[in-house]
$ cat query_19.pdb   # PDB, C-alpha atoms, pLDDT in the B column
MODEL        1
ATOM      1  CA  MET A   1      29.965  31.331  -0.607  1.00 46.00           C
ATOM      2  CA  THR A   2      26.954  32.634  -2.549  1.00 51.00           C
ATOM      3  CA  ARG A   3      24.121  33.667  -0.286  1.00 51.00           C
ATOM      4  CA  THR A   4      20.666  32.384  -1.161  1.00 56.00           C
ATOM      5  CA  VAL A   5      17.856  34.767  -0.322  1.00 48.00           C
ATOM      6  CA  ILE A   6      14.295  33.479  -0.212  1.00 51.00           C
ATOM      7  CA  THR A   7      11.706  36.185  -0.690  1.00 47.00           C
ATOM      8  CA  HIS A   8       8.009  36.034   0.021  1.00 47.00           C
ATOM      9  CA  LYS A   9       6.067  37.746  -2.761  1.00 42.00           C
ATOM     10  CA  PRO A  10       2.292  38.041  -2.425  1.00 41.00           C
ATOM     11  CA  SER A  11       0.328  36.935  -5.490  1.00 36.00           C
ATOM     12  CA  LEU A  12      -2.331  39.006  -7.232  1.00 31.00           C
ATOM     13  CA  THR A  13      -5.011  36.746  -5.803  1.00 35.00           C
ATOM     14  CA  GLY A  14      -3.981  37.362  -2.216  1.00 38.00           C
ATOM     15  CA  ALA A  15      -2.105  35.736   0.623  1.00 37.00           C
ATOM     16  CA  LEU A  16      -4.290  32.625   0.727  1.00 35.00           C
ATOM     17  CA  HIS A  17      -2.951  31.605  -2.682  1.00 39.00           C
ATOM     18  CA  THR A  18       0.743  32.076  -1.940  1.00 48.00           C
ATOM     19  CA  LYS A  19       3.204  29.636  -0.430  1.00 66.00           C
ATOM     20  CA  SER A  20       4.160  30.575   3.081  1.00 87.00           C
ATOM     21  CA  LEU A  21       7.759  31.555   3.657  1.00 89.00           C
ATOM     22  CA  ALA A  22       8.183  28.462   5.836  1.00 89.00           C
ATOM     23  CA  ARG A  23       6.950  26.300   2.961  1.00 92.00           C
ATOM     24  CA  GLN A  24       9.461  27.910   0.596  1.00 92.00           C
ATOM     25  CA  VAL A  25      12.251  27.233   3.079  1.00 92.00           C
ATOM     26  CA  PHE A  26      11.057  23.646   3.531  1.00 94.00           C
ATOM     27  CA  GLU A  27      11.043  22.998  -0.218  1.00 93.00           C
ATOM     28  CA  HIS A  28      14.470  24.593  -0.601  1.00 94.00           C
ATOM     29  CA  LEU A  29      15.995  22.455   2.169  1.00 95.00           C
ATOM     30  CA  GLN A  30      14.180  19.334   0.994  1.00 95.00           C
ATOM     31  CA  GLU A  31      15.577  19.821  -2.522  1.00 95.00           C
ATOM     32  CA  LYS A  32      19.116  20.164  -1.173  1.00 95.00           C
ATOM     33  CA  ILE A  33      18.754  17.074   1.022  1.00 96.00           C
ATOM     34  CA  VAL A  34      17.251  14.926  -1.761  1.00 95.00           C
ATOM     35  CA  ALA A  35      20.041  16.013  -4.123  1.00 94.00           C
ATOM     36  CA  GLY A  36      22.642  15.044  -1.524  1.00 93.00           C
ATOM     37  CA  GLN A  37      23.867  18.642  -1.175  1.00 93.00           C
ATOM     38  CA  LEU A  38      23.009  18.530   2.532  1.00 94.00           C
ATOM     39  CA  PRO A  39      24.493  15.136   3.468  1.00 94.00           C
ATOM     40  CA  PRO A  40      23.181  12.766   6.144  1.00 95.00           C
ATOM     41  CA  GLY A  41      24.158  14.055   9.578  1.00 94.00           C
ATOM     42  CA  ALA A  42      24.496  17.673   8.441  1.00 94.00           C
ATOM     43  CA  ARG A  43      23.458  20.064  11.211  1.00 94.00           C
ATOM     44  CA  LEU A  44      20.332  22.106  10.532  1.00 93.00           C
ATOM     45  CA  GLY A  45      21.165  25.139  12.644  1.00 91.00           C
ATOM     46  CA  GLU A  46      18.409  27.743  12.759  1.00 90.00           C
ATOM     47  CA  GLU A  47      20.701  30.757  13.030  1.00 90.00           C
ATOM     48  CA  ALA A  48      23.098  29.604  10.295  1.00 92.00           C
ATOM     49  CA  LEU A  49      20.255  28.790   7.901  1.00 91.00           C
ATOM     50  CA  ALA A  50      18.455  32.052   8.664  1.00 91.00           C
ATOM     51  CA  ASN A  51      21.620  33.986   7.813  1.00 91.00           C
ATOM     52  CA  GLU A  52      22.231  31.927   4.671  1.00 90.00           C
ATOM     53  CA  LEU A  53      18.683  32.322   3.353  1.00 89.00           C
ATOM     54  CA  GLY A  54      18.099  35.881   4.515  1.00 90.00           C
ATOM     55  CA  VAL A  55      14.996  35.133   6.585  1.00 90.00           C
ATOM     56  CA  SER A  56      14.076  35.146  10.262  1.00 89.00           C
ATOM     57  CA  ARG A  57      14.461  32.068  12.451  1.00 88.00           C
ATOM     58  CA  SER A  58      10.704  31.478  12.736  1.00 89.00           C
ATOM     59  CA  PRO A  59      10.148  30.075   9.194  1.00 91.00           C
ATOM     60  CA  ILE A  60      13.416  28.129   9.519  1.00 93.00           C
ATOM     61  CA  ARG A  61      12.171  26.521  12.720  1.00 91.00           C
ATOM     62  CA  GLU A  62       8.845  25.618  11.094  1.00 93.00           C
ATOM     63  CA  ALA A  63      10.539  24.227   7.988  1.00 94.00           C
ATOM     64  CA  ILE A  64      12.900  22.047  10.049  1.00 94.00           C
ATOM     65  CA  ALA A  65       9.927  20.728  12.037  1.00 93.00           C
ATOM     66  CA  ASP A  66       8.276  19.777   8.727  1.00 94.00           C
ATOM     67  CA  LEU A  67      11.472  18.045   7.575  1.00 95.00           C
ATOM     68  CA  GLU A  68      11.430  16.067  10.809  1.00 95.00           C
ATOM     69  CA  ARG A  69       7.762  15.224  10.299  1.00 94.00           C
ATOM     70  CA  VAL A  70       8.383  13.748   6.819  1.00 94.00           C
ATOM     71  CA  GLY A  71      11.495  11.863   7.962  1.00 93.00           C
ATOM     72  CA  LEU A  72      14.305  13.914   6.411  1.00 95.00           C
ATOM     73  CA  ALA A  73      15.506  15.378   9.715  1.00 95.00           C
ATOM     74  CA  GLN A  74      16.109  13.881  13.146  1.00 92.00           C
ATOM     75  CA  ARG A  75      16.539  15.210  16.656  1.00 87.00           C
ATOM     76  CA  ASN A  76      19.914  15.232  18.364  1.00 82.00           C
ATOM     77  CA  GLY A  77      19.164  16.405  21.848  1.00 76.00           C
ATOM     78  CA  LYS A  78      16.329  18.722  22.790  1.00 75.00           C
ATOM     79  CA  ARG A  79      16.915  21.441  20.197  1.00 78.00           C
ATOM     80  CA  GLU A  80      19.414  20.309  17.586  1.00 87.00           C
ATOM     81  CA  ARG A  81      18.230  18.802  14.313  1.00 90.00           C
ATOM     82  CA  ARG A  82      20.312  17.065  11.690  1.00 95.00           C
ATOM     83  CA  VAL A  83      19.637  15.592   8.271  1.00 96.00           C
ATOM     84  CA  THR A  84      18.480  12.022   8.776  1.00 95.00           C
ATOM     85  CA  ILE A  85      21.230   9.401   8.698  1.00 95.00           C
ATOM     86  CA  PRO A  86      19.777   6.347   6.930  1.00 95.00           C
ATOM     87  CA  ASP A  87      20.167   2.987   8.597  1.00 95.00           C
ATOM     88  CA  GLU A  88      19.660  -0.424   7.033  1.00 95.00           C
ATOM     89  CA  ARG A  89      16.034  -0.666   8.136  1.00 96.00           C
ATOM     90  CA  LEU A  90      15.166   2.698   6.598  1.00 96.00           C
ATOM     91  CA  ILE A  91      16.702   1.715   3.255  1.00 96.00           C
ATOM     92  CA  ILE A  92      14.957  -1.665   3.174  1.00 97.00           C
ATOM     93  CA  ASP A  93      11.584  -0.190   4.168  1.00 97.00           C
ATOM     94  CA  THR A  94      11.871   2.667   1.666  1.00 97.00           C
ATOM     95  CA  TYR A  95      12.421   0.285  -1.227  1.00 97.00           C
ATOM     96  CA  ALA A  96       9.738  -2.150  -0.023  1.00 97.00           C
ATOM     97  CA  VAL A  97       7.109   0.612  -0.021  1.00 97.00           C
ATOM     98  CA  TRP A  98       8.361   1.935  -3.355  1.00 97.00           C
ATOM     99  CA  SER A  99       8.026  -1.536  -4.885  1.00 97.00           C
ATOM    100  CA  LEU A 100       4.392  -1.858  -3.805  1.00 96.00           C
ATOM    101  CA  LEU A 101       3.498   1.644  -4.992  1.00 97.00           C
ATOM    102  CA  GLU A 102       5.195   1.131  -8.358  1.00 97.00           C
ATOM    103  CA  ALA A 103       3.416  -2.191  -8.877  1.00 97.00           C
ATOM    104  CA  GLY A 104       0.014  -0.698  -8.092  1.00 97.00           C
ATOM    105  CA  ASN A 105       0.630   2.294 -10.334  1.00 97.00           C
ATOM    106  CA  ALA A 106       1.970   0.141 -13.179  1.00 97.00           C
ATOM    107  CA  TYR A 107      -1.089  -2.104 -13.015  1.00 98.00           C
ATOM    108  CA  GLU A 108      -3.438   0.877 -12.997  1.00 97.00           C
ATOM    109  CA  ALA A 109      -1.559   2.338 -15.973  1.00 98.00           C
ATOM    110  CA  SER A 110      -1.671  -0.983 -17.846  1.00 98.00           C
ATOM    111  CA  LEU A 111      -5.476  -0.938 -17.745  1.00 97.00           C
ATOM    112  CA  HIS A 112      -5.472   2.280 -19.792  1.00 97.00           C
ATOM    113  CA  ALA A 113      -2.428   1.713 -22.011  1.00 97.00           C
ATOM    114  CA  THR A 114      -3.075   2.245 -25.727  1.00 97.00           C
ATOM    115  CA  ALA A 115      -1.606   0.667 -28.835  1.00 97.00           C
ATOM    116  CA  GLU A 116       0.690   3.690 -29.095  1.00 97.00           C
ATOM    117  CA  THR A 117       1.870   3.079 -25.512  1.00 97.00           C
ATOM    118  CA  HIS A 118       2.844  -0.483 -26.410  1.00 97.00           C
ATOM    119  CA  ARG A 119       4.560   0.536 -29.650  1.00 97.00           C
ATOM    120  CA  ALA A 120       6.638   3.050 -27.702  1.00 97.00           C
ATOM    121  CA  CYS A 121       7.547   0.408 -25.105  1.00 97.00           C
ATOM    122  CA  TYR A 122       8.703  -2.052 -27.771  1.00 97.00           C
ATOM    123  CA  ARG A 123      10.799   0.672 -29.395  1.00 97.00           C
ATOM    124  CA  LEU A 124      12.394   1.777 -26.129  1.00 97.00           C
ATOM    125  CA  LEU A 125      13.202  -1.784 -25.077  1.00 97.00           C
ATOM    126  CA  ASP A 126      15.043  -2.218 -28.371  1.00 96.00           C
ATOM    127  CA  GLU A 127      16.853   1.090 -27.774  1.00 96.00           C
ATOM    128  CA  LEU A 128      18.043  -0.220 -24.395  1.00 95.00           C
ATOM    129  CA  GLU A 129      19.635  -3.161 -26.222  1.00 95.00           C
ATOM    130  CA  GLU A 130      21.288  -0.789 -28.695  1.00 96.00           C
ATOM    131  CA  ALA A 131      22.654   1.437 -25.919  1.00 95.00           C
ATOM    132  CA  LEU A 132      24.071  -1.575 -24.101  1.00 94.00           C
ATOM    133  CA  ALA A 133      25.700  -2.891 -27.295  1.00 95.00           C
ATOM    134  CA  ALA A 134      27.265   0.543 -27.857  1.00 94.00           C
ATOM    135  CA  SER A 135      28.417   0.750 -24.207  1.00 93.00           C
ATOM    136  CA  ASP A 136      26.582   4.091 -24.022  1.00 93.00           C
ATOM    137  CA  VAL A 137      25.658   4.418 -20.337  1.00 91.00           C
ATOM    138  CA  ALA A 138      24.154   7.915 -20.657  1.00 91.00           C
ATOM    139  CA  ARG A 139      21.882   6.839 -23.515  1.00 93.00           C
ATOM    140  CA  TYR A 140      20.911   3.701 -21.593  1.00 93.00           C
ATOM    141  CA  GLN A 141      19.903   5.628 -18.459  1.00 91.00           C
ATOM    142  CA  GLU A 142      17.954   8.204 -20.472  1.00 94.00           C
ATOM    143  CA  THR A 143      16.155   5.467 -22.445  1.00 95.00           C
ATOM    144  CA  SER A 144      15.317   3.627 -19.223  1.00 93.00           C
ATOM    145  CA  ARG A 145      13.852   6.826 -17.773  1.00 93.00           C
ATOM    146  CA  ARG A 146      11.764   7.366 -20.917  1.00 96.00           C
ATOM    147  CA  LEU A 147      10.516   3.757 -20.784  1.00 96.00           C
ATOM    148  CA  HIS A 148       9.388   4.215 -17.183  1.00 95.00           C
ATOM    149  CA  ASP A 149       7.652   7.483 -18.073  1.00 96.00           C
ATOM    150  CA  VAL A 150       5.839   5.936 -21.058  1.00 97.00           C
ATOM    151  CA  MET A 151       4.607   3.002 -18.994  1.00 97.00           C
ATOM    152  CA  LYS A 152       3.393   5.276 -16.182  1.00 96.00           C
ATOM    153  CA  ALA A 153       1.744   7.876 -18.415  1.00 96.00           C
ATOM    154  CA  PRO A 154      -1.660   6.142 -18.861  1.00 97.00           C
ATOM    155  CA  ALA A 155      -2.267   5.940 -15.081  1.00 96.00           C
ATOM    156  CA  ARG A 156      -5.344   7.908 -14.033  1.00 96.00           C
ATOM    157  CA  ASN A 157      -5.349   7.533 -10.250  1.00 96.00           C
ATOM    158  CA  GLN A 158      -4.070  10.951  -9.230  1.00 95.00           C
ATOM    159  CA  LEU A 159      -4.036  10.177  -5.507  1.00 96.00           C
ATOM    160  CA  LEU A 160      -1.819   7.139  -6.067  1.00 96.00           C
ATOM    161  CA  LYS A 161       0.416   9.224  -8.318  1.00 95.00           C
ATOM    162  CA  ARG A 162       0.847  11.915  -5.653  1.00 95.00           C
ATOM    163  CA  ILE A 163       1.693   9.323  -3.000  1.00 96.00           C
ATOM    164  CA  LEU A 164       4.171   7.657  -5.352  1.00 96.00           C
ATOM    165  CA  ASP A 165       5.765  10.986  -6.290  1.00 94.00           C
ATOM    166  CA  ASP A 166       6.162  11.935  -2.627  1.00 94.00           C
ATOM    167  CA  HIS A 167       7.721   8.589  -1.732  1.00 96.00           C
ATOM    168  CA  SER A 168       9.988   8.642  -4.793  1.00 95.00           C
ATOM    169  CA  LYS A 169      11.798  11.622  -3.248  1.00 95.00           C
ATOM    170  CA  PHE A 170      13.149   9.302  -0.550  1.00 96.00           C
ATOM    171  CA  VAL A 171      14.354   6.858  -3.200  1.00 95.00           C
ATOM    172  CA  ALA A 172      15.997   9.699  -5.124  1.00 94.00           C
ATOM    173  CA  TRP A 173      17.665  10.847  -1.891  1.00 95.00           C
ATOM    174  CA  LEU A 174      19.137   7.413  -1.136  1.00 96.00           C
ATOM    175  CA  GLN A 175      20.345   7.067  -4.719  1.00 93.00           C
ATOM    176  CA  ALA A 176      21.914  10.538  -4.696  1.00 93.00           C
ATOM    177  CA  VAL A 177      23.799   9.792  -1.492  1.00 93.00           C
ATOM    178  CA  TYR A 178      24.802   6.177  -2.097  1.00 90.00           C
ATOM    179  CA  SER A 179      24.362   5.188  -5.746  1.00 78.00           C
ATOM    180  CA  ARG A 180      24.422   7.783  -8.514  1.00 68.00           C
ATOM    181  CA  GLU A 181      23.262   5.320 -11.193  1.00 66.00           C
ATOM    182  CA  PRO A 182      19.636   4.300 -10.531  1.00 62.00           C
ATOM    183  CA  GLU A 183      20.016   0.816 -12.016  1.00 68.00           C
ATOM    184  CA  GLU A 184      22.577  -1.621 -13.312  1.00 74.00           C
ATOM    185  CA  PHE A 185      23.901  -1.231 -16.866  1.00 79.00           C
ATOM    186  CA  SER A 186      23.610  -4.842 -18.003  1.00 86.00           C
ATOM    187  CA  ALA A 187      21.778  -7.418 -20.107  1.00 91.00           C
ATOM    188  CA  ASP A 188      20.222  -8.768 -16.897  1.00 91.00           C
ATOM    189  CA  ALA A 189      18.626  -5.389 -16.182  1.00 91.00           C
ATOM    190  CA  ILE A 190      17.170  -5.259 -19.701  1.00 94.00           C
ATOM    191  CA  HIS A 191      15.809  -8.770 -19.218  1.00 95.00           C
ATOM    192  CA  GLU A 192      14.094  -7.559 -16.037  1.00 95.00           C
ATOM    193  CA  HIS A 193      12.561  -4.669 -17.992  1.00 96.00           C
ATOM    194  CA  ARG A 194      11.194  -7.098 -20.562  1.00 96.00           C
ATOM    195  CA  ILE A 195       9.670  -9.304 -17.857  1.00 97.00           C
ATOM    196  CA  VAL A 196       8.029  -6.266 -16.237  1.00 97.00           C
ATOM    197  CA  TYR A 197       6.670  -5.155 -19.593  1.00 97.00           C
ATOM    198  CA  ASP A 198       5.338  -8.647 -20.364  1.00 97.00           C
ATOM    199  CA  PHE A 199       3.189  -8.559 -17.212  1.00 98.00           C
ATOM    200  CA  TYR A 200       2.222  -4.957 -17.997  1.00 97.00           C
ATOM    201  CA  LEU A 201       1.016  -6.094 -21.422  1.00 97.00           C
ATOM    202  CA  LYS A 202      -0.987  -8.905 -19.777  1.00 97.00           C
ATOM    203  CA  ARG A 203      -2.410  -6.530 -17.135  1.00 97.00           C
ATOM    204  CA  ASP A 204      -1.248  -8.991 -14.491  1.00 98.00           C
ATOM    205  CA  LEU A 205      -1.103  -7.359 -11.049  1.00 97.00           C
ATOM    206  CA  LEU A 206       0.486 -10.359  -9.304  1.00 97.00           C
ATOM    207  CA  GLY A 207       3.089 -10.711 -12.035  1.00 97.00           C
ATOM    208  CA  LEU A 208       3.884  -6.984 -11.967  1.00 97.00           C
ATOM    209  CA  THR A 209       4.231  -7.063  -8.185  1.00 97.00           C
ATOM    210  CA  HIS A 210       6.726  -9.915  -8.352  1.00 97.00           C
ATOM    211  CA  ALA A 211       8.679  -8.613 -11.371  1.00 97.00           C
ATOM    212  CA  LEU A 212       8.943  -5.044 -10.099  1.00 96.00           C
ATOM    213  CA  GLY A 213       9.792  -6.361  -6.632  1.00 96.00           C
ATOM    214  CA  THR A 214      12.752  -8.249  -8.102  1.00 95.00           C
ATOM    215  CA  HIS A 215      13.862  -5.307 -10.236  1.00 94.00           C
ATOM    216  CA  ILE A 216      13.639  -2.810  -7.371  1.00 95.00           C
ATOM    217  CA  ALA A 217      15.306  -5.218  -4.927  1.00 95.00           C
ATOM    218  CA  HIS A 218      18.401  -5.171  -7.132  1.00 92.00           C
ATOM    219  CA  GLN A 219      18.442  -1.366  -6.969  1.00 92.00           C
ATOM    220  CA  ARG A 220      18.010  -1.559  -3.188  1.00 94.00           C
ATOM    221  CA  ASP A 221      20.933  -3.959  -2.905  1.00 93.00           C
ATOM    222  CA  ARG A 222      23.188  -1.580  -4.856  1.00 91.00           C
ATOM    223  CA  VAL A 223      22.317   1.191  -2.386  1.00 94.00           C
ATOM    224  CA  LEU A 224      22.854  -1.100   0.608  1.00 95.00           C
ATOM    225  CA  GLU A 225      26.235  -2.209  -0.713  1.00 92.00           C
ATOM    226  CA  ALA A 226      27.329   1.413  -1.130  1.00 91.00           C
ATOM    227  CA  TRP A 227      25.884   2.335   2.282  1.00 92.00           C
ATOM    228  CA  ARG A 228      27.805  -0.469   4.014  1.00 90.00           C
ATOM    229  CA  GLY A 229      31.042   0.528   2.326  1.00 85.00           C
ATOM    230  CA  GLN A 230      30.790   4.284   2.792  1.00 75.00           C
ATOM    231  CA  PRO A 231      32.872   5.738   5.634  1.00 63.00           C
ATOM    232  CA  MET A 232      30.828   7.732   8.096  1.00 55.00           C
ATOM    233  CA  SER A 233      31.731  11.341   8.799  1.00 50.00           C
ATOM    234  CA  PRO A 234      32.929  12.126  12.358  1.00 45.00           C
ATOM    235  CA  ASP A 235      29.803  14.210  13.028  1.00 48.00           C
ATOM    236  CA  ALA A 236      27.557  11.382  11.845  1.00 47.00           C
ATOM    237  CA  SER A 237      29.449   8.862  13.977  1.00 45.00           C
ATOM    238  CA  VAL A 238      28.944  10.972  17.099  1.00 41.00           C
ATOM    239  CA  TYR A 239      25.297  11.527  16.192  1.00 39.00           C
ATOM    240  CA  ASN A 240      24.622   7.800  15.748  1.00 44.00           C
ATOM    241  CA  GLN A 241      26.392   7.004  19.004  1.00 43.00           C
ATOM    242  CA  ASN A 242      24.233   9.538  20.823  1.00 43.00           C
ATOM    243  CA  ARG A 243      21.108   7.922  19.348  1.00 42.00           C
ATOM    244  CA  GLN A 244      22.267   4.481  20.425  1.00 44.00           C
ATOM    245  CA  ASP A 245      23.039   5.730  23.934  1.00 43.00           C
ATOM    246  CA  ARG A 246      19.556   7.256  24.243  1.00 39.00           C
ATOM    247  CA  SER A 247      17.920   4.016  23.045  1.00 39.00           C
ATOM    248  CA  ILE A 248      19.848   2.052  25.691  1.00 38.00           C
ATOM    249  CA  ASP A 249      18.757   4.469  28.404  1.00 39.00           C
TER     250      ASP A 249
ENDMDL
END
$ encode --input "query_19.pdb" --output "structure tokens"
Amino acid sequence: MTRTVITHKPSLTGALHTKSLARQVFEHLQEKIVAGQLPPGARLGEEALANELGVSRSPIREAIADLERVGLAQRNGKRERRVTIPDERLIIDTYAVWSLLEAGNAYEASLHATAETHRACYRLLDELEEALAASDVARYQETSRRLHDVMKAPARNQLLKRILDDHSKFVAWLQAVYSREPEEFSADAIHEHRIVYDFYLKRDLLGLTHALGTHIAHQRDRVLEAWRGQPMSPDASVYNQNRQDRSID
């Protein structure tokens, strides 16, 4: 196995402007978790990770504590930490919050959308139809991503954008683990896109909230279906049983 070594290099402007080693470790582990490379229930052992990354245990310990703080790691006993194992409530809540954030951001973006924004949206919606007709899933997913990016681009509320970006990592994590395709490849999905865009064009917050809620709920249901049908690893089964036992006590 290739050994990853994280190095801490001071910048020219001094230590105050560099990422701490613990932060580098946190971002590295977070990236692996969100990508599904560290699966739910995987043990986050300080010694093993320190050896793998070529650092001391202190930044590993701090990084794992930060993962626990943001919800990507959970305790199993007094010292052991594991990658969070999603339950149904976590999945439902994650998508509910994402829906509200997306609706607010889409509305804010719609207030500043230009004629060029709308021309691009019309063009991309037509390209979705063409990709579906050609049964080109890769082109469809790429076009859908571009449509989302174009619609979001005019948004000016940077605080909302940061909050949305942070929360979107949890959505990406659930999709990586349970549903590789972010949305359904179908005429119904394109129809949902057109409804969302219609309310975007009208700058209708209530309409956007409802339309995006419906669209995102379908993505949530795909994840839930995969989650319910996915066999749990032995380690994860033991971990969940331990959590249940502690909650009963």
$ closest_residue --input "query_19.pdb" --among "A:Ile190, A:Val34, A:Val25, A:Ala48" --to "Gly71 (chain A)" --atoms "all atoms listed in the file"
A:Val34
$ residues_around --input "query_19.pdb" --residues "Ile91 (chain A)" --least-positions-apart "2" --cutoff "12 Å" --atoms "all atoms listed in the file" --output "VMD selection string"
chain A and resid 84 to 89 93 to 98 170 to 175 177 to 178 216 to 217 219 to 228
$ resolve_selection --input "query_19.pdb" --expression "the PyMOL selection byres ((chain A and resi 75) around 12)" --output "list in words"
Gly41, Ala42, Arg43, Leu44, Gly45, Ile64, Ala65, Leu67, Glu68, Arg69, Gly71, Leu72, Ala73, Gln74, Asn76, Gly77, Lys78, Arg79, Glu80, Arg81, Arg82, Val83, Thr84, Ile85, Tyr239, Asn240, Asn242, Arg243 and Arg246 of chain A
$ write_last_selection --input "query_19.pdb" --atoms "C-alpha atoms" --output "PDB file, in the frame of the given file"
ATOM      1  CA  GLY A  41      24.158  14.055   9.578  1.00 94.00           C
ATOM      2  CA  ALA A  42      24.496  17.673   8.441  1.00 94.00           C
ATOM      3  CA  ARG A  43      23.458  20.064  11.211  1.00 94.00           C
ATOM      4  CA  LEU A  44      20.332  22.106  10.532  1.00 93.00           C
ATOM      5  CA  GLY A  45      21.165  25.139  12.644  1.00 91.00           C
ATOM      6  CA  ILE A  64      12.900  22.047  10.049  1.00 94.00           C
ATOM      7  CA  ALA A  65       9.927  20.728  12.037  1.00 93.00           C
ATOM      8  CA  LEU A  67      11.472  18.045   7.575  1.00 95.00           C
ATOM      9  CA  GLU A  68      11.430  16.067  10.809  1.00 95.00           C
ATOM     10  CA  ARG A  69       7.762  15.224  10.299  1.00 94.00           C
ATOM     11  CA  GLY A  71      11.495  11.863   7.962  1.00 93.00           C
ATOM     12  CA  LEU A  72      14.305  13.914   6.411  1.00 95.00           C
ATOM     13  CA  ALA A  73      15.506  15.378   9.715  1.00 95.00           C
ATOM     14  CA  GLN A  74      16.109  13.881  13.146  1.00 92.00           C
ATOM     15  CA  ASN A  76      19.914  15.232  18.364  1.00 82.00           C
ATOM     16  CA  GLY A  77      19.164  16.405  21.848  1.00 76.00           C
ATOM     17  CA  LYS A  78      16.329  18.722  22.790  1.00 75.00           C
ATOM     18  CA  ARG A  79      16.915  21.441  20.197  1.00 78.00           C
ATOM     19  CA  GLU A  80      19.414  20.309  17.586  1.00 87.00           C
ATOM     20  CA  ARG A  81      18.230  18.802  14.313  1.00 90.00           C
ATOM     21  CA  ARG A  82      20.312  17.065  11.690  1.00 95.00           C
ATOM     22  CA  VAL A  83      19.637  15.592   8.271  1.00 96.00           C
ATOM     23  CA  THR A  84      18.480  12.022   8.776  1.00 95.00           C
ATOM     24  CA  ILE A  85      21.230   9.401   8.698  1.00 95.00           C
ATOM     25  CA  TYR A 239      25.297  11.527  16.192  1.00 39.00           C
ATOM     26  CA  ASN A 240      24.622   7.800  15.748  1.00 44.00           C
ATOM     27  CA  ASN A 242      24.233   9.538  20.823  1.00 43.00           C
ATOM     28  CA  ARG A 243      21.108   7.922  19.348  1.00 42.00           C
ATOM     29  CA  ARG A 246      19.556   7.256  24.243  1.00 39.00           C
TER      30      ARG A 246
END
$ residues_around --input "query_19.pdb" --residues "Leu147 (chain A)" --least-positions-apart "5" --cutoff "10 Å" --atoms "only C-alpha atoms" --output "ChimeraX atom specification"
/A:117,120-125,127-128,141-142,152-153,193,197
$ closest_residue --input "query_19.pdb" --among "A:Ser99, A:Ser186, A:Glu46, A:Ala63" --to "Asp136 (chain A)" --atoms "all atoms listed in the file"
A:Ser186
$ resolve_selection --input "query_19.pdb" --expression "the PyMOL selection byres ((chain A and resi 105) around 8)" --output "list in words"
Leu101, Glu102, Ala103, Gly104, Ala106, Tyr107, Glu108, Ala109, Lys152, Ala155, Asn157, Leu160 and Lys161 of chain A
$ atom_distance --input "query_19.pdb" --atom1 "CA of Phe26 (chain A)" --atom2 "CA of Val70 (chain A)"
10.8 Å
$ axis_aligned_box --input "query_19.pdb" --around "region 161-172 of chain A" --padding-each-side "6 Å" --output "lines of an AutoDock Vina configuration file"
center_x = 8.2
center_y = 9.4
center_z = -4.4
size_x = 27.6
size_y = 17.1
size_z = 19.8
$ atom_distance --input "query_19.pdb" --atom1 "CA of Leu111 (chain A)" --atom2 "CA of Thr143 (chain A)"
23.0 Å
$ atom_distance --input "query_19.pdb" --atom1 "CA of Ser56 (chain A)" --atom2 "CA of Gln37 (chain A)"
22.3 Å
$ closest_residue --input "query_19.pdb" --among "A:Ala35, A:Ser58, A:Ala138, A:Leu201" --to "Arg119 (chain A)" --atoms "all atoms listed in the file"
A:Leu201
$ closest_residue --input "query_19.pdb" --among "A:Leu100, A:Ala113, A:Ser168, A:Val150" --to "His215 (chain A)" --atoms "all atoms listed in the file"
A:Leu100
$ resolve_selection --input "query_19.pdb" --expression "the PyMOL selection byres ((chain A and resi 185) around 8)" --output "ChimeraX atom specification"
/A:132,137,140,183-184,186-187,189
$ write_last_selection --input "query_19.pdb" --atoms "C-alpha atoms" --output "PDB file, in the coordinates of the input"
ATOM      1  CA  LEU A 132      24.071  -1.575 -24.101  1.00 94.00           C
ATOM      2  CA  VAL A 137      25.658   4.418 -20.337  1.00 91.00           C
ATOM      3  CA  TYR A 140      20.911   3.701 -21.593  1.00 93.00           C
ATOM      4  CA  GLU A 183      20.016   0.816 -12.016  1.00 68.00           C
ATOM      5  CA  GLU A 184      22.577  -1.621 -13.312  1.00 74.00           C
ATOM      6  CA  SER A 186      23.610  -4.842 -18.003  1.00 86.00           C
ATOM      7  CA  ALA A 187      21.778  -7.418 -20.107  1.00 91.00           C
ATOM      8  CA  ALA A 189      18.626  -5.389 -16.182  1.00 91.00           C
TER       9      ALA A 189
END
$ closest_residue --input "query_19.pdb" --among "A:Leu164, A:Ser110, A:Arg156, A:Ala115" --to "Leu208 (chain A)" --atoms "only C-alpha atoms"
A:Ser110
$ residues_around --input "query_19.pdb" --residues "Arg57 (chain A)" --least-positions-apart "5" --cutoff "9 Å" --atoms "only C-alpha atoms" --output "list in words"
Glu46, Glu47, Leu49, Ala50, Asn51 and Glu62 of chain A
